[in-house]
Amino acid sequence: MKCPFCSYTESKVIDSRSADDGERIRRRRECLKCGKRFTTHEIIETVPVIVVKRDKSRESFDRNKLTNGLVRACEKRPVSIDQIDAIVSAIEGKVQASLDREITTQQIGEMAMEELRKVDEVSYVRFASVYRSFKDIETFMDELNKLLKEK
């Protein structure tokens, strides 16, 4: 494992613990050269899931892309990075548990909106506005009215 600070390849494990309900192992490491500490996560290798985009192109499921989209939607909102990580883990778990090896971006977006709605309504509306590409104020208001009716 390369040190993210000095790129030295030798480090020692200081602490290991289970994370994400046993799905990952979180390890604290210390670089043997510079002495700085960093965290790594170890996960079980799985069969890759292919994401079918709107333009019909395909790419591997990327947890980081989903995380980045959720972080943007939750900017300046009372949503912690741990909550975002839990949402991403829940979605990733659903995707991996599915028997299908292909999933559309629409399905992932719907799962993300479902999870965001439970955490923060403003973040949900932000994500929905980008994901659904609201064309005008009426479609935006329709989504807000649906949210209000559910309350």
# chains A, B, ... in the order shown; residues from 1 in each chain; ligands from 1

$ residues_around --residues "Gly69 of chain A" --least-positions-apart "5" --cutoff "9 Å" --atoms "only C-alpha atoms" --output "JSON, numbers by chain"
{"A": [64, 74, 127]}

$ select_by_dssp --residues "chain A" --states "strand (DSSP E or B)" --output "PyMOL selection string"
chain A and resi 11-19+24-31+37-43+50-52+58-60+102-104

$ residues_around --residues "segment 21-23 of chain A" --least-positions-apart "4" --cutoff "12 Å" --atoms "only C-alpha atoms" --output "list of chain:residue names"
A:Ser16, A:Arg17, A:His41, A:Glu42, A:Ile43, A:Ile44, A:Glu45, A:Thr46, A:Ala86, A:Ser89, A:Ala90, A:Glu92, A:Gly93, A:Gln96

$ select_by_dssp --residues "segment 1-141 of chain A" --states "helix (DSSP H, G or I)" --output "ChimeraX atom specification"
/A:63-73,81-97,105-119,121-131,137-141

$ residues_around --residues "Lys56 of chain A" --least-positions-apart "4" --cutoff "12 Å" --atoms "only C-alpha atoms" --output "VMD selection string"
chain A and resid 50 to 52 102 to 106

$ closest_residue --among "A:Ser123, A:Ser18, A:Ser7, A:Ser60" --to "Gly35 of chain A" --atoms "only C-alpha atoms"
A:Ser7

$ residues_around --residues "Lys33 of chain A" --least-positions-apart "5" --cutoff "9 Å" --atoms "only C-alpha atoms" --output "number ranges by chain"
A: 3, 6, 8-11

$ write_last_selection --atoms "C-alpha atoms" --output "compact mmCIF listing (two decimals), in the first residue's frame"
# COMPACT_ATOMS: atom_id res chain seq x y z
CA CYS A 3 1.60 6.17 1.43
CA CYS A 6 5.31 10.32 0.42
CA TYR A 8 6.59 4.94 0.14
CA THR A 9 5.31 1.38 -0.30
CA GLU A 10 5.86 0.03 3.22
CA SER A 11 3.42 0.66 6.06

$ residues_around --residues "Asp82 of chain A" --least-positions-apart "2" --cutoff "12 Å" --atoms "only C-alpha atoms" --output "PyMOL selection string"
chain A and resi 19-20+67+70-71+78-80+84-89+119

$ write_last_selection --atoms "N, CA and C atoms" --output "short mmCIF file (atom, residue, chain, number, x, y, z; two decimals), in the first residue's frame"
data_model
loop_
_atom_site.label_atom_id
_atom_site.label_comp_id
_atom_site.auth_asym_id
_atom_site.auth_seq_id
_atom_site.Cartn_x
_atom_site.Cartn_y
_atom_site.Cartn_z
N ALA A 19 -16.34 -2.49 9.14
CA ALA A 19 -17.11 -1.29 8.80
C ALA A 19 -18.26 -1.70 7.89
N ASP A 20 -19.28 -0.87 7.81
CA ASP A 20 -20.44 -1.12 6.95
C ASP A 20 -21.05 -2.50 7.20
N THR A 67 -21.13 8.97 -5.00
CA THR A 67 -20.80 9.77 -3.82
C THR A 67 -20.66 11.24 -4.18
N LEU A 70 -24.02 12.90 -4.76
CA LEU A 70 -24.75 13.13 -3.51
C LEU A 70 -24.11 14.25 -2.69
N VAL A 71 -22.79 14.32 -2.70
CA VAL A 71 -22.10 15.40 -1.97
C VAL A 71 -22.51 16.76 -2.53
N PRO A 78 -27.39 20.00 6.42
CA PRO A 78 -26.98 19.25 7.61
C PRO A 78 -26.93 17.74 7.37
N VAL A 79 -26.20 17.34 6.35
CA VAL A 79 -26.04 15.93 6.02
C VAL A 79 -24.56 15.60 6.14
N SER A 80 -24.25 14.64 7.01
CA SER A 80 -22.84 14.30 7.25
C SER A 80 -22.32 13.39 6.15
N ILE A 84 -24.01 10.24 3.89
CA ILE A 84 -23.85 10.06 2.44
C ILE A 84 -23.23 8.70 2.15
N ASP A 85 -22.22 8.34 2.93
CA ASP A 85 -21.56 7.04 2.74
C ASP A 85 -22.54 5.90 3.00
N ALA A 86 -23.41 6.07 3.99
CA ALA A 86 -24.41 5.03 4.28
C ALA A 86 -25.40 4.90 3.12
N ILE A 87 -25.79 6.02 2.52
CA ILE A 87 -26.69 5.99 1.36
C ILE A 87 -26.02 5.26 0.20
N VAL A 88 -24.77 5.62 -0.07
CA VAL A 88 -24.04 4.99 -1.17
C VAL A 88 -23.88 3.49 -0.91
N SER A 89 -23.58 3.12 0.33
CA SER A 89 -23.43 1.70 0.67
C SER A 89 -24.74 0.95 0.50
N VAL A 119 -33.44 11.47 4.35
CA VAL A 119 -32.41 12.17 5.11
C VAL A 119 -32.62 13.69 5.12
#

$ closest_residue --among "A:Cys34, A:Lys65, A:Thr39, A:Gly109" --to "Ser133 of chain A" --atoms "only C-alpha atoms"
A:Gly109
